[in-house]
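What's in target17.txt: compact mmCIF, N, CA and C atoms
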# COMPACT_ATOMS: atom_id res chain seq x y z
N MET A 1 -6.35 40.05 194.02
CA MET A 1 -6.62 39.89 195.43
C MET A 1 -8.02 40.41 195.71
N ASN A 2 -8.77 39.67 196.47
CA ASN A 2 -10.12 40.07 196.83
C ASN A 2 -10.08 40.79 198.17
N LEU A 3 -10.25 42.10 198.14
CA LEU A 3 -10.16 42.88 199.37
C LEU A 3 -11.36 42.68 200.29
N GLU A 4 -12.43 42.09 199.77
CA GLU A 4 -13.61 41.84 200.62
C GLU A 4 -13.33 40.77 201.67
N ARG A 5 -12.39 39.89 201.42
CA ARG A 5 -12.07 38.80 202.34
C ARG A 5 -11.03 39.19 203.38
N VAL A 6 -10.46 40.37 203.26
CA VAL A 6 -9.37 40.80 204.13
C VAL A 6 -9.93 41.72 205.22
N SER A 7 -9.40 41.59 206.42
CA SER A 7 -9.86 42.47 207.51
C SER A 7 -9.42 43.91 207.24
N ASN A 8 -10.08 44.84 207.90
CA ASN A 8 -9.76 46.25 207.70
C ASN A 8 -8.34 46.58 208.16
N GLU A 9 -7.88 45.95 209.22
CA GLU A 9 -6.51 46.18 209.69
C GLU A 9 -5.49 45.69 208.65
N ASP A 10 -5.79 44.53 208.06
CA ASP A 10 -4.87 44.00 207.03
C ASP A 10 -4.89 44.87 205.78
N LYS A 11 -6.05 45.43 205.44
CA LYS A 11 -6.13 46.35 204.30
C LYS A 11 -5.26 47.57 204.55
N LEU A 12 -5.34 48.11 205.75
CA LEU A 12 -4.54 49.28 206.09
C LEU A 12 -3.05 48.94 206.02
N GLU A 13 -2.66 47.81 206.55
CA GLU A 13 -1.25 47.40 206.54
C GLU A 13 -0.75 47.19 205.11
N LEU A 14 -1.55 46.55 204.27
CA LEU A 14 -1.15 46.33 202.88
C LEU A 14 -1.05 47.65 202.12
N CYS A 15 -2.01 48.53 202.33
CA CYS A 15 -1.98 49.83 201.68
C CYS A 15 -0.74 50.62 202.11
N ARG A 16 -0.42 50.54 203.39
CA ARG A 16 0.77 51.23 203.91
C ARG A 16 2.05 50.66 203.29
N LYS A 17 2.13 49.33 203.14
CA LYS A 17 3.32 48.70 202.55
C LYS A 17 3.51 49.13 201.10
N TYR A 18 2.43 49.16 200.33
CA TYR A 18 2.54 49.60 198.94
C TYR A 18 2.92 51.07 198.86
N TYR A 19 2.39 51.88 199.75
CA TYR A 19 2.74 53.30 199.76
C TYR A 19 4.23 53.48 200.04
N LEU A 20 4.74 52.82 201.06
CA LEU A 20 6.16 52.93 201.41
C LEU A 20 7.04 52.29 200.35
N GLY A 21 6.58 51.21 199.73
CA GLY A 21 7.35 50.56 198.67
C GLY A 21 7.57 51.47 197.47
N GLY A 22 6.66 52.39 197.22
CA GLY A 22 6.82 53.32 196.11
C GLY A 22 8.03 54.23 196.27
N PHE A 23 8.45 54.46 197.50
CA PHE A 23 9.62 55.30 197.74
C PHE A 23 10.93 54.58 197.42
N ALA A 24 10.88 53.28 197.21
CA ALA A 24 12.08 52.51 196.86
C ALA A 24 12.26 52.50 195.34
N LEU A 25 11.92 53.62 194.69
CA LEU A 25 12.01 53.78 193.24
C LEU A 25 11.17 52.72 192.51
N LEU A 26 10.02 52.38 193.08
CA LEU A 26 9.07 51.44 192.49
C LEU A 26 7.71 52.11 192.37
N PRO A 27 7.59 53.13 191.53
CA PRO A 27 6.33 53.88 191.48
C PRO A 27 5.14 53.07 190.98
N PHE A 28 5.38 51.92 190.35
CA PHE A 28 4.24 51.10 189.95
C PHE A 28 3.48 50.60 191.18
N LEU A 29 4.15 50.52 192.34
CA LEU A 29 3.44 50.15 193.56
C LEU A 29 2.43 51.22 193.96
N TRP A 30 2.75 52.48 193.69
CA TRP A 30 1.77 53.54 193.94
C TRP A 30 0.58 53.38 193.02
N LEU A 31 0.82 53.02 191.76
CA LEU A 31 -0.27 52.79 190.83
C LEU A 31 -1.16 51.65 191.32
N VAL A 32 -0.57 50.55 191.72
CA VAL A 32 -1.33 49.42 192.25
C VAL A 32 -2.10 49.84 193.49
N ASN A 33 -1.49 50.62 194.35
CA ASN A 33 -2.14 51.09 195.56
C ASN A 33 -3.38 51.91 195.22
N VAL A 34 -3.26 52.82 194.29
CA VAL A 34 -4.39 53.66 193.90
C VAL A 34 -5.50 52.81 193.28
N LEU A 35 -5.13 51.90 192.39
CA LEU A 35 -6.14 51.09 191.72
C LEU A 35 -6.84 50.12 192.68
N TRP A 36 -6.11 49.49 193.56
CA TRP A 36 -6.71 48.52 194.47
C TRP A 36 -7.54 49.17 195.57
N PHE A 37 -7.07 50.27 196.11
CA PHE A 37 -7.69 50.80 197.32
C PHE A 37 -8.56 52.03 197.08
N PHE A 38 -8.78 52.42 195.83
CA PHE A 38 -9.60 53.60 195.58
C PHE A 38 -11.02 53.41 196.13
N ARG A 39 -11.63 52.27 195.85
CA ARG A 39 -12.99 52.01 196.36
C ARG A 39 -13.03 51.98 197.87
N GLU A 40 -12.04 51.34 198.47
CA GLU A 40 -12.00 51.27 199.93
C GLU A 40 -11.85 52.65 200.55
N ALA A 41 -11.13 53.50 199.87
CA ALA A 41 -10.84 54.83 200.43
C ALA A 41 -11.99 55.81 200.21
N PHE A 42 -12.66 55.76 199.06
CA PHE A 42 -13.59 56.82 198.71
C PHE A 42 -15.03 56.37 198.45
N VAL A 43 -15.27 55.08 198.23
CA VAL A 43 -16.62 54.63 197.88
C VAL A 43 -17.25 53.80 198.99
N ALA A 44 -16.48 52.98 199.68
CA ALA A 44 -17.01 52.08 200.71
C ALA A 44 -17.62 52.86 201.87
N PRO A 45 -18.57 52.25 202.57
CA PRO A 45 -19.12 52.90 203.77
C PRO A 45 -18.01 53.14 204.79
N PRO A 46 -18.15 54.19 205.60
CA PRO A 46 -17.08 54.55 206.55
C PRO A 46 -16.78 53.44 207.56
N TYR A 47 -15.52 53.28 207.87
CA TYR A 47 -15.05 52.39 208.92
C TYR A 47 -13.80 53.00 209.53
N GLY A 48 -13.29 52.43 210.61
CA GLY A 48 -12.23 53.05 211.40
C GLY A 48 -10.93 53.33 210.68
N GLU A 49 -10.50 52.41 209.82
CA GLU A 49 -9.21 52.56 209.14
C GLU A 49 -9.30 53.36 207.85
N GLN A 50 -10.50 53.71 207.43
CA GLN A 50 -10.68 54.36 206.13
C GLN A 50 -9.94 55.70 206.00
N PRO A 51 -9.92 56.57 207.02
CA PRO A 51 -9.18 57.83 206.85
C PRO A 51 -7.69 57.62 206.55
N LEU A 52 -7.07 56.64 207.19
CA LEU A 52 -5.66 56.38 206.92
C LEU A 52 -5.46 55.78 205.54
N ILE A 53 -6.35 54.88 205.12
CA ILE A 53 -6.27 54.32 203.77
C ILE A 53 -6.45 55.43 202.75
N ARG A 54 -7.39 56.32 202.99
CA ARG A 54 -7.61 57.45 202.09
C ARG A 54 -6.36 58.31 201.98
N ARG A 55 -5.70 58.54 203.10
CA ARG A 55 -4.47 59.34 203.09
C ARG A 55 -3.37 58.66 202.26
N TYR A 56 -3.20 57.34 202.45
CA TYR A 56 -2.18 56.61 201.68
C TYR A 56 -2.51 56.61 200.19
N VAL A 57 -3.79 56.48 199.84
CA VAL A 57 -4.18 56.46 198.43
C VAL A 57 -3.94 57.83 197.80
N ARG A 58 -4.28 58.89 198.50
CA ARG A 58 -4.04 60.24 197.96
C ARG A 58 -2.55 60.49 197.79
N ARG A 59 -1.76 60.12 198.76
CA ARG A 59 -0.32 60.34 198.66
C ARG A 59 0.31 59.46 197.58
N SER A 60 -0.21 58.26 197.41
CA SER A 60 0.29 57.40 196.33
C SER A 60 -0.02 58.01 194.98
N ALA A 61 -1.23 58.56 194.83
CA ALA A 61 -1.60 59.22 193.57
C ALA A 61 -0.71 60.44 193.32
N LEU A 62 -0.44 61.20 194.36
CA LEU A 62 0.43 62.37 194.21
C LEU A 62 1.85 61.95 193.83
N GLY A 63 2.39 60.94 194.50
CA GLY A 63 3.74 60.45 194.17
C GLY A 63 3.81 59.91 192.76
N LEU A 64 2.79 59.18 192.35
CA LEU A 64 2.76 58.64 190.98
C LEU A 64 2.70 59.77 189.96
N GLY A 65 1.90 60.79 190.24
CA GLY A 65 1.81 61.92 189.33
C GLY A 65 3.12 62.69 189.23
N LEU A 66 3.77 62.93 190.37
CA LEU A 66 5.05 63.64 190.35
C LEU A 66 6.12 62.82 189.64
N TRP A 67 6.12 61.52 189.87
CA TRP A 67 7.09 60.66 189.20
C TRP A 67 6.85 60.68 187.70
N GLY A 68 5.59 60.65 187.28
CA GLY A 68 5.27 60.69 185.86
C GLY A 68 5.68 62.00 185.21
N VAL A 69 5.47 63.12 185.91
CA VAL A 69 5.89 64.41 185.39
C VAL A 69 7.42 64.47 185.28
N GLY A 70 8.11 63.96 186.29
CA GLY A 70 9.57 63.93 186.24
C GLY A 70 10.09 63.06 185.11
N LEU A 71 9.49 61.90 184.92
CA LEU A 71 9.91 61.03 183.82
C LEU A 71 9.63 61.68 182.47
N GLY A 72 8.47 62.30 182.35
CA GLY A 72 8.14 62.98 181.09
C GLY A 72 9.10 64.12 180.79
N ALA A 73 9.46 64.88 181.83
CA ALA A 73 10.42 65.98 181.64
C ALA A 73 11.78 65.43 181.22
N TRP A 74 12.22 64.35 181.86
CA TRP A 74 13.51 63.75 181.50
C TRP A 74 13.49 63.26 180.06
N VAL A 75 12.43 62.60 179.64
CA VAL A 75 12.34 62.11 178.27
C VAL A 75 12.39 63.28 177.29
N GLY A 76 11.67 64.35 177.60
CA GLY A 76 11.69 65.52 176.73
C GLY A 76 13.08 66.14 176.62
N VAL A 77 13.75 66.31 177.75
CA VAL A 77 15.10 66.89 177.73
C VAL A 77 16.06 65.97 177.00
N PHE A 78 15.99 64.68 177.29
CA PHE A 78 16.91 63.74 176.66
C PHE A 78 16.72 63.71 175.15
N GLN A 79 15.47 63.66 174.70
CA GLN A 79 15.20 63.59 173.28
C GLN A 79 15.63 64.86 172.55
N SER A 80 15.48 66.00 173.19
CA SER A 80 15.81 67.25 172.51
C SER A 80 17.29 67.63 172.61
N ARG A 81 18.00 67.12 173.60
CA ARG A 81 19.39 67.54 173.82
C ARG A 81 20.43 66.44 173.65
N ARG A 82 20.01 65.22 173.35
CA ARG A 82 20.96 64.11 173.29
C ARG A 82 22.09 64.37 172.31
N ALA A 83 21.80 64.92 171.16
CA ALA A 83 22.84 65.17 170.16
C ALA A 83 23.84 66.22 170.65
N GLU A 84 23.38 67.20 171.39
CA GLU A 84 24.27 68.24 171.92
C GLU A 84 25.22 67.69 172.97
N TRP A 85 24.83 66.64 173.65
CA TRP A 85 25.65 66.09 174.72
C TRP A 85 26.78 65.21 174.22
N GLY A 86 26.82 64.90 172.95
CA GLY A 86 27.91 64.12 172.37
C GLY A 86 28.00 62.74 172.95
N ALA A 87 29.21 62.37 173.38
CA ALA A 87 29.45 61.01 173.88
C ALA A 87 28.65 60.73 175.14
N LEU A 88 28.41 61.74 175.96
CA LEU A 88 27.63 61.53 177.18
C LEU A 88 26.23 61.05 176.83
N GLY A 89 25.59 61.69 175.87
CA GLY A 89 24.24 61.29 175.48
C GLY A 89 24.20 60.00 174.69
N ASP A 90 25.21 59.77 173.86
CA ASP A 90 25.19 58.60 172.99
C ASP A 90 25.65 57.32 173.67
N PHE A 91 26.68 57.41 174.50
CA PHE A 91 27.27 56.20 175.03
C PHE A 91 26.98 55.95 176.50
N PHE A 92 26.81 56.99 177.29
CA PHE A 92 26.66 56.79 178.72
C PHE A 92 25.22 56.87 179.21
N LEU A 93 24.38 57.65 178.54
CA LEU A 93 22.99 57.78 178.97
C LEU A 93 22.01 57.02 178.09
N ALA A 94 22.43 56.60 176.93
CA ALA A 94 21.56 55.86 176.02
C ALA A 94 21.90 54.38 176.05
N PHE A 95 20.92 53.57 175.87
CA PHE A 95 21.12 52.12 175.82
C PHE A 95 20.57 51.64 174.49
N THR A 96 21.45 51.20 173.63
CA THR A 96 21.03 50.71 172.32
C THR A 96 21.53 49.30 172.12
N LEU A 97 20.71 48.50 171.50
CA LEU A 97 21.09 47.13 171.18
C LEU A 97 21.58 47.09 169.74
N PRO A 98 22.72 46.49 169.51
CA PRO A 98 23.21 46.41 168.12
C PRO A 98 22.31 45.49 167.31
N SER A 99 22.13 45.80 166.05
CA SER A 99 21.28 44.99 165.20
C SER A 99 22.02 43.77 164.66
N ALA A 100 23.33 43.80 164.64
CA ALA A 100 24.12 42.68 164.16
C ALA A 100 25.47 42.70 164.85
N PRO A 101 26.15 41.57 164.92
CA PRO A 101 27.48 41.58 165.54
C PRO A 101 28.44 42.40 164.69
N PRO A 102 29.44 43.00 165.33
CA PRO A 102 30.39 43.82 164.57
C PRO A 102 31.21 42.95 163.61
N GLU A 103 31.54 43.54 162.49
CA GLU A 103 32.36 42.84 161.51
C GLU A 103 33.83 42.97 161.91
N PRO A 104 34.62 41.94 161.65
CA PRO A 104 36.05 42.08 161.93
C PRO A 104 36.66 43.07 160.94
N PRO A 105 37.69 43.79 161.35
CA PRO A 105 38.30 44.76 160.45
C PRO A 105 38.94 44.08 159.24
N GLN A 106 38.81 44.73 158.11
CA GLN A 106 39.45 44.22 156.89
C GLN A 106 40.80 44.91 156.72
N ILE A 107 41.77 44.14 156.40
CA ILE A 107 43.11 44.69 156.23
C ILE A 107 43.47 44.64 154.75
N LEU A 108 43.65 45.82 154.17
CA LEU A 108 44.07 45.91 152.78
C LEU A 108 45.40 46.64 152.74
N GLY A 109 46.42 45.98 152.35
CA GLY A 109 47.73 46.61 152.26
C GLY A 109 48.29 46.97 153.62
N GLY A 110 47.93 46.20 154.67
CA GLY A 110 48.46 46.45 156.00
C GLY A 110 47.73 47.55 156.76
N VAL A 111 46.67 48.14 156.19
CA VAL A 111 45.95 49.23 156.86
C VAL A 111 44.51 48.78 157.12
N PRO A 112 44.07 48.81 158.38
CA PRO A 112 42.66 48.47 158.66
C PRO A 112 41.73 49.45 157.95
N GLN A 113 40.62 48.94 157.37
CA GLN A 113 39.77 49.78 156.54
C GLN A 113 38.45 50.17 157.21
N ASN A 114 37.86 49.35 158.05
CA ASN A 114 36.53 49.67 158.56
C ASN A 114 36.52 49.76 160.09
N LEU A 115 37.33 50.61 160.65
CA LEU A 115 37.40 50.72 162.11
C LEU A 115 36.51 51.83 162.68
N GLY A 116 36.29 52.88 161.95
CA GLY A 116 35.59 54.01 162.54
C GLY A 116 34.18 54.21 162.07
N GLY A 117 33.63 53.34 161.30
CA GLY A 117 32.28 53.51 160.81
C GLY A 117 32.18 54.46 159.65
N GLY A 118 33.30 54.93 159.12
CA GLY A 118 33.30 55.80 157.97
C GLY A 118 33.05 55.02 156.70
N PRO A 119 33.18 55.65 155.56
CA PRO A 119 32.93 54.94 154.30
C PRO A 119 33.98 53.85 154.11
N ARG A 120 33.53 52.74 153.55
CA ARG A 120 34.43 51.62 153.29
C ARG A 120 35.13 51.82 151.96
N LEU A 121 36.35 51.41 151.94
CA LEU A 121 37.12 51.46 150.69
C LEU A 121 36.96 50.11 150.00
N PRO A 122 36.89 50.08 148.68
CA PRO A 122 36.71 48.81 147.97
C PRO A 122 37.88 47.88 148.10
File written out as structure tokens:
Amino acid sequence: MNLERVSNEDKLELCRKYYLGGFALLPFLWLVNVLWFFREAFVAPPYGEQPLIRRYVRRSALGLGLWGVGLGAWVGVFQSRRAEWGALGDFFLAFTLPSAPPEPPQILGGVPQNLGGGPRLP
């Protein structure tokens, strides 16, 4: 989007929408807001809407930073404690894609042999 073709009022409205959209658990909108409007907020010559755009850009940067710190903390805790959490960490909080479809159980002598992932019997 070319911000030079947009009126200052429309810039302010768009910046405000991206700022508010970040609160809907869409922090990438804060990143877009900071990247698109940084020049308008801090480099461009002063105009009437610039203080509000500057405020939205600063708050978007703060929200993005806090979200990043929170995500980093969660990743650190999850990676270090997942094994301690047992089934909660393995089945309910982790998402893994199987590498192959499961094999049907083999029945030898009326007893299923490969149901629990343990060693297979010949």
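Here CA of Pro27 (chain A) is placed at a distance of 6.0 Å from CA of Leu64 (chain A).
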State, in Å with one decimal place, the distance from atom C of Trp36 (chain A) to CA of Ser7 (chain A). 13.9 Å
Size and centre in Å, one decimal, axis-aligned box, all listed region 56-60 of chain A atoms plus 8 Å per side, as AutoDock Vina command-line options:
--center_x -2.0 --center_y 58.5 --center_z 198.7 --size_x 20.6 --size_y 20.0 --size_z 23.5
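Here atom C of Gly68 (chain A) and atom N of Leu35 (chain A) stand 16.4 Å from one another.
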Go through chain A and collect every residue that DSSP, computed from the backbone, puts in alpha helix (DSSP H); the answer should be as a JSON list (two decimals) with N, CA and C atoms, in the frame of the given file.
[["chain", "number", "residue", "atom", "x", "y", "z"],
["A", 8, "ASN", "N", -10.08, 44.84, 207.90],
["A", 8, "ASN", "CA", -9.76, 46.25, 207.70],
["A", 8, "ASN", "C", -8.34, 46.58, 208.16],
["A", 9, "GLU", "N", -7.88, 45.95, 209.22],
["A", 9, "GLU", "CA", -6.51, 46.18, 209.69],
["A", 9, "GLU", "C", -5.49, 45.69, 208.65],
["A", 10, "ASP", "N", -5.79, 44.53, 208.06],
["A", 10, "ASP", "CA", -4.87, 44.00, 207.03],
["A", 10, "ASP", "C", -4.89, 44.87, 205.78],
["A", 11, "LYS", "N", -6.05, 45.43, 205.44],
["A", 11, "LYS", "CA", -6.13, 46.35, 204.30],
["A", 11, "LYS", "C", -5.26, 47.57, 204.55],
["A", 12, "LEU", "N", -5.34, 48.11, 205.75],
["A", 12, "LEU", "CA", -4.54, 49.28, 206.09],
["A", 12, "LEU", "C", -3.05, 48.94, 206.02],
["A", 13, "GLU", "N", -2.66, 47.81, 206.55],
["A", 13, "GLU", "CA", -1.25, 47.40, 206.54],
["A", 13, "GLU", "C", -0.75, 47.19, 205.11],
["A", 14, "LEU", "N", -1.55, 46.55, 204.27],
["A", 14, "LEU", "CA", -1.15, 46.33, 202.88],
["A", 14, "LEU", "C", -1.05, 47.65, 202.12],
["A", 15, "CYS", "N", -2.01, 48.53, 202.33],
["A", 15, "CYS", "CA", -1.98, 49.83, 201.68],
["A", 15, "CYS", "C", -0.74, 50.62, 202.11],
["A", 16, "ARG", "N", -0.42, 50.54, 203.39],
["A", 16, "ARG", "CA", 0.77, 51.23, 203.91],
["A", 16, "ARG", "C", 2.05, 50.66, 203.29],
["A", 17, "LYS", "N", 2.13, 49.33, 203.14],
["A", 17, "LYS", "CA", 3.32, 48.70, 202.55],
["A", 17, "LYS", "C", 3.51, 49.13, 201.10],
["A", 18, "TYR", "N", 2.43, 49.16, 200.33],
["A", 18, "TYR", "CA", 2.54, 49.60, 198.94],
["A", 18, "TYR", "C", 2.92, 51.07, 198.86],
["A", 19, "TYR", "N", 2.39, 51.88, 199.75],
["A", 19, "TYR", "CA", 2.74, 53.30, 199.76],
["A", 19, "TYR", "C", 4.23, 53.48, 200.04],
["A", 20, "LEU", "N", 4.74, 52.82, 201.06],
["A", 20, "LEU", "CA", 6.16, 52.93, 201.41],
["A", 20, "LEU", "C", 7.04, 52.29, 200.35],
["A", 21, "GLY", "N", 6.58, 51.21, 199.73],
["A", 21, "GLY", "CA", 7.35, 50.56, 198.67],
["A", 21, "GLY", "C", 7.57, 51.47, 197.47],
["A", 28, "PHE", "N", 5.38, 51.92, 190.35],
["A", 28, "PHE", "CA", 4.24, 51.10, 189.95],
["A", 28, "PHE", "C", 3.48, 50.60, 191.18],
["A", 29, "LEU", "N", 4.15, 50.52, 192.34],
["A", 29, "LEU", "CA", 3.44, 50.15, 193.56],
["A", 29, "LEU", "C", 2.43, 51.22, 193.96],
["A", 30, "TRP", "N", 2.75, 52.48, 193.69],
["A", 30, "TRP", "CA", 1.77, 53.54, 193.94],
["A", 30, "TRP", "C", 0.58, 53.38, 193.02],
["A", 31, "LEU", "N", 0.82, 53.02, 191.76],
["A", 31, "LEU", "CA", -0.27, 52.79, 190.83],
["A", 31, "LEU", "C", -1.16, 51.65, 191.32],
["A", 32, "VAL", "N", -0.57, 50.55, 191.72],
["A", 32, "VAL", "CA", -1.33, 49.42, 192.25],
["A", 32, "VAL", "C", -2.10, 49.84, 193.49],
["A", 33, "ASN", "N", -1.49, 50.62, 194.35],
["A", 33, "ASN", "CA", -2.14, 51.09, 195.56],
["A", 33, "ASN", "C", -3.38, 51.91, 195.22],
["A", 34, "VAL", "N", -3.26, 52.82, 194.29],
["A", 34, "VAL", "CA", -4.39, 53.66, 193.90],
["A", 34, "VAL", "C", -5.50, 52.81, 193.28],
["A", 35, "LEU", "N", -5.13, 51.90, 192.39],
["A", 35, "LEU", "CA", -6.14, 51.09, 191.72],
["A", 35, "LEU", "C", -6.84, 50.12, 192.68],
["A", 36, "TRP", "N", -6.11, 49.49, 193.56],
["A", 36, "TRP", "CA", -6.71, 48.52, 194.47],
["A", 36, "TRP", "C", -7.54, 49.17, 195.57],
["A", 37, "PHE", "N", -7.07, 50.27, 196.11],
["A", 37, "PHE", "CA", -7.69, 50.80, 197.32],
["A", 37, "PHE", "C", -8.56, 52.03, 197.08],
["A", 38, "PHE", "N", -8.78, 52.42, 195.83],
["A", 38, "PHE", "CA", -9.60, 53.60, 195.58],
["A", 38, "PHE", "C", -11.02, 53.41, 196.13],
["A", 39, "ARG", "N", -11.63, 52.27, 195.85],
["A", 39, "ARG", "CA", -12.99, 52.01, 196.36],
["A", 39, "ARG", "C", -13.03, 51.98, 197.87],
["A", 40, "GLU", "N", -12.04, 51.34, 198.47],
["A", 40, "GLU", "CA", -12.00, 51.27, 199.93],
["A", 40, "GLU", "C", -11.85, 52.65, 200.55],
["A", 41, "ALA", "N", -11.13, 53.50, 199.87],
["A", 41, "ALA", "CA", -10.84, 54.83, 200.43],
["A", 41, "ALA", "C", -11.99, 55.81, 200.21],
["A", 42, "PHE", "N", -12.66, 55.76, 199.06],
["A", 42, "PHE", "CA", -13.59, 56.82, 198.71],
["A", 42, "PHE", "C", -15.03, 56.37, 198.45],
["A", 50, "GLN", "N", -10.50, 53.71, 207.43],
["A", 50, "GLN", "CA", -10.68, 54.36, 206.13],
["A", 50, "GLN", "C", -9.94, 55.70, 206.00],
["A", 51, "PRO", "N", -9.92, 56.57, 207.02],
["A", 51, "PRO", "CA", -9.18, 57.83, 206.85],
["A", 51, "PRO", "C", -7.69, 57.62, 206.55],
["A", 52, "LEU", "N", -7.07, 56.64, 207.19],
["A", 52, "LEU", "CA", -5.66, 56.38, 206.92],
["A", 52, "LEU", "C", -5.46, 55.78, 205.54],
["A", 53, "ILE", "N", -6.35, 54.88, 205.12],
["A", 53, "ILE", "CA", -6.27, 54.32, 203.77],
["A", 53, "ILE", "C", -6.45, 55.43, 202.75],
["A", 54, "ARG", "N", -7.39, 56.32, 202.99],
["A", 54, "ARG", "CA", -7.61, 57.45, 202.09],
["A", 54, "ARG", "C", -6.36, 58.31, 201.98],
["A", 55, "ARG", "N", -5.70, 58.54, 203.10],
["A", 55, "ARG", "CA", -4.47, 59.34, 203.09],
["A", 55, "ARG", "C", -3.37, 58.66, 202.26],
["A", 56, "TYR", "N", -3.20, 57.34, 202.45],
["A", 56, "TYR", "CA", -2.18, 56.61, 201.68],
["A", 56, "TYR", "C", -2.51, 56.61, 200.19],
["A", 57, "VAL", "N", -3.79, 56.48, 199.84],
["A", 57, "VAL", "CA", -4.18, 56.46, 198.43],
["A", 57, "VAL", "C", -3.94, 57.83, 197.80],
["A", 58, "ARG", "N", -4.28, 58.89, 198.50],
["A", 58, "ARG", "CA", -4.04, 60.24, 197.96],
["A", 58, "ARG", "C", -2.55, 60.49, 197.79],
["A", 59, "ARG", "N", -1.76, 60.12, 198.76],
["A", 59, "ARG", "CA", -0.32, 60.34, 198.66],
["A", 59, "ARG", "C", 0.31, 59.46, 197.58],
["A", 60, "SER", "N", -0.21, 58.26, 197.41],
["A", 60, "SER", "CA", 0.29, 57.40, 196.33],
["A", 60, "SER", "C", -0.02, 58.01, 194.98],
["A", 61, "ALA", "N", -1.23, 58.56, 194.83],
["A", 61, "ALA", "CA", -1.60, 59.22, 193.57],
["A", 61, "ALA", "C", -0.71, 60.44, 193.32],
["A", 62, "LEU", "N", -0.44, 61.20, 194.36],
["A", 62, "LEU", "CA", 0.43, 62.37, 194.21],
["A", 62, "LEU", "C", 1.85, 61.95, 193.83],
["A", 63, "GLY", "N", 2.39, 60.94, 194.50],
["A", 63, "GLY", "CA", 3.74, 60.45, 194.17],
["A", 63, "GLY", "C", 3.81, 59.91, 192.76],
["A", 64, "LEU", "N", 2.79, 59.18, 192.35],
["A", 64, "LEU", "CA", 2.76, 58.64, 190.98],
["A", 64, "LEU", "C", 2.70, 59.77, 189.96],
["A", 65, "GLY", "N", 1.90, 60.79, 190.24],
["A", 65, "GLY", "CA", 1.81, 61.92, 189.33],
["A", 65, "GLY", "C", 3.12, 62.69, 189.23],
["A", 66, "LEU", "N", 3.77, 62.93, 190.37],
["A", 66, "LEU", "CA", 5.05, 63.64, 190.35],
["A", 66, "LEU", "C", 6.12, 62.82, 189.64],
["A", 67, "TRP", "N", 6.12, 61.52, 189.87],
["A", 67, "TRP", "CA", 7.09, 60.66, 189.20],
["A", 67, "TRP", "C", 6.85, 60.68, 187.70],
["A", 68, "GLY", "N", 5.59, 60.65, 187.28],
["A", 68, "GLY", "CA", 5.27, 60.69, 185.86],
["A", 68, "GLY", "C", 5.68, 62.00, 185.21],
["A", 69, "VAL", "N", 5.47, 63.12, 185.91],
["A", 69, "VAL", "CA", 5.89, 64.41, 185.39],
["A", 69, "VAL", "C", 7.42, 64.47, 185.28],
["A", 70, "GLY", "N", 8.11, 63.96, 186.29],
["A", 70, "GLY", "CA", 9.57, 63.93, 186.24],
["A", 70, "GLY", "C", 10.09, 63.06, 185.11],
["A", 71, "LEU", "N", 9.49, 61.90, 184.92],
["A", 71, "LEU", "CA", 9.91, 61.03, 183.82],
["A", 71, "LEU", "C", 9.63, 61.68, 182.47],
["A", 72, "GLY", "N", 8.47, 62.30, 182.35],
["A", 72, "GLY", "CA", 8.14, 62.98, 181.09],
["A", 72, "GLY", "C", 9.10, 64.12, 180.79],
["A", 73, "ALA", "N", 9.46, 64.88, 181.83],
["A", 73, "ALA", "CA", 10.42, 65.98, 181.64],
["A", 73, "ALA", "C", 11.78, 65.43, 181.22],
["A", 74, "TRP", "N", 12.22, 64.35, 181.86],
["A", 74, "TRP", "CA", 13.51, 63.75, 181.50],
["A", 74, "TRP", "C", 13.49, 63.26, 180.06],
["A", 75, "VAL", "N", 12.43, 62.60, 179.64],
["A", 75, "VAL", "CA", 12.34, 62.11, 178.27],
["A", 75, "VAL", "C", 12.39, 63.28, 177.29],
["A", 76, "GLY", "N", 11.67, 64.35, 177.60],
["A", 76, "GLY", "CA", 11.69, 65.52, 176.73],
["A", 76, "GLY", "C", 13.08, 66.14, 176.62],
["A", 77, "VAL", "N", 13.75, 66.31, 177.75],
["A", 77, "VAL", "CA", 15.10, 66.89, 177.73],
["A", 77, "VAL", "C", 16.06, 65.97, 177.00],
["A", 78, "PHE", "N", 15.99, 64.68, 177.29],
["A", 78, "PHE", "CA", 16.91, 63.74, 176.66],
["A", 78, "PHE", "C", 16.72, 63.71, 175.15],
["A", 79, "GLN", "N", 15.47, 63.66, 174.70],
["A", 79, "GLN", "CA", 15.20, 63.59, 173.28],
["A", 79, "GLN", "C", 15.63, 64.86, 172.55],
["A", 80, "SER", "N", 15.48, 66.00, 173.19],
["A", 80, "SER", "CA", 15.81, 67.25, 172.51],
["A", 80, "SER", "C", 17.29, 67.63, 172.61],
["A", 81, "ARG", "N", 18.00, 67.12, 173.60],
["A", 81, "ARG", "CA", 19.39, 67.54, 173.82],
["A", 81, "ARG", "C", 20.43, 66.44, 173.65],
["A", 87, "ALA", "N", 29.21, 62.37, 173.38],
["A", 87, "ALA", "CA", 29.45, 61.01, 173.88],
["A", 87, "ALA", "C", 28.65, 60.73, 175.14]]
With all atoms listed in the file as the counted atoms, please give the residues lying no more than 8 Å from Gly63 (chain A), apart from itself and same-chain residues fewer than 3 positions off, as a PyMOL selection string. chain A and resi 22+27+30-31+57-60+66-69
Distance query region 91-93 of chain A at most 9 Å, only C-alpha atoms, self and fewer than 5 positions along chain excluded, as a PDB file with N, CA and C atoms, in the frame of the given file:
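The resulting around.pdb:
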ATOM      1  N   PHE A  78      15.990  64.680 177.290  1.00  0.00           N
ATOM      2  CA  PHE A  78      16.910  63.740 176.660  1.00  0.00           C
ATOM      3  C   PHE A  78      16.720  63.710 175.150  1.00  0.00           C
ATOM      4  N   ARG A  82      20.010  65.220 173.350  1.00  0.00           N
ATOM      5  CA  ARG A  82      20.960  64.110 173.290  1.00  0.00           C
ATOM      6  C   ARG A  82      22.090  64.370 172.310  1.00  0.00           C
ATOM      7  N   GLY A  86      26.820  64.900 172.950  1.00  0.00           N
ATOM      8  CA  GLY A  86      27.910  64.120 172.370  1.00  0.00           C
ATOM      9  C   GLY A  86      28.000  62.740 172.950  1.00  0.00           C
TER      10      GLY A  86
END
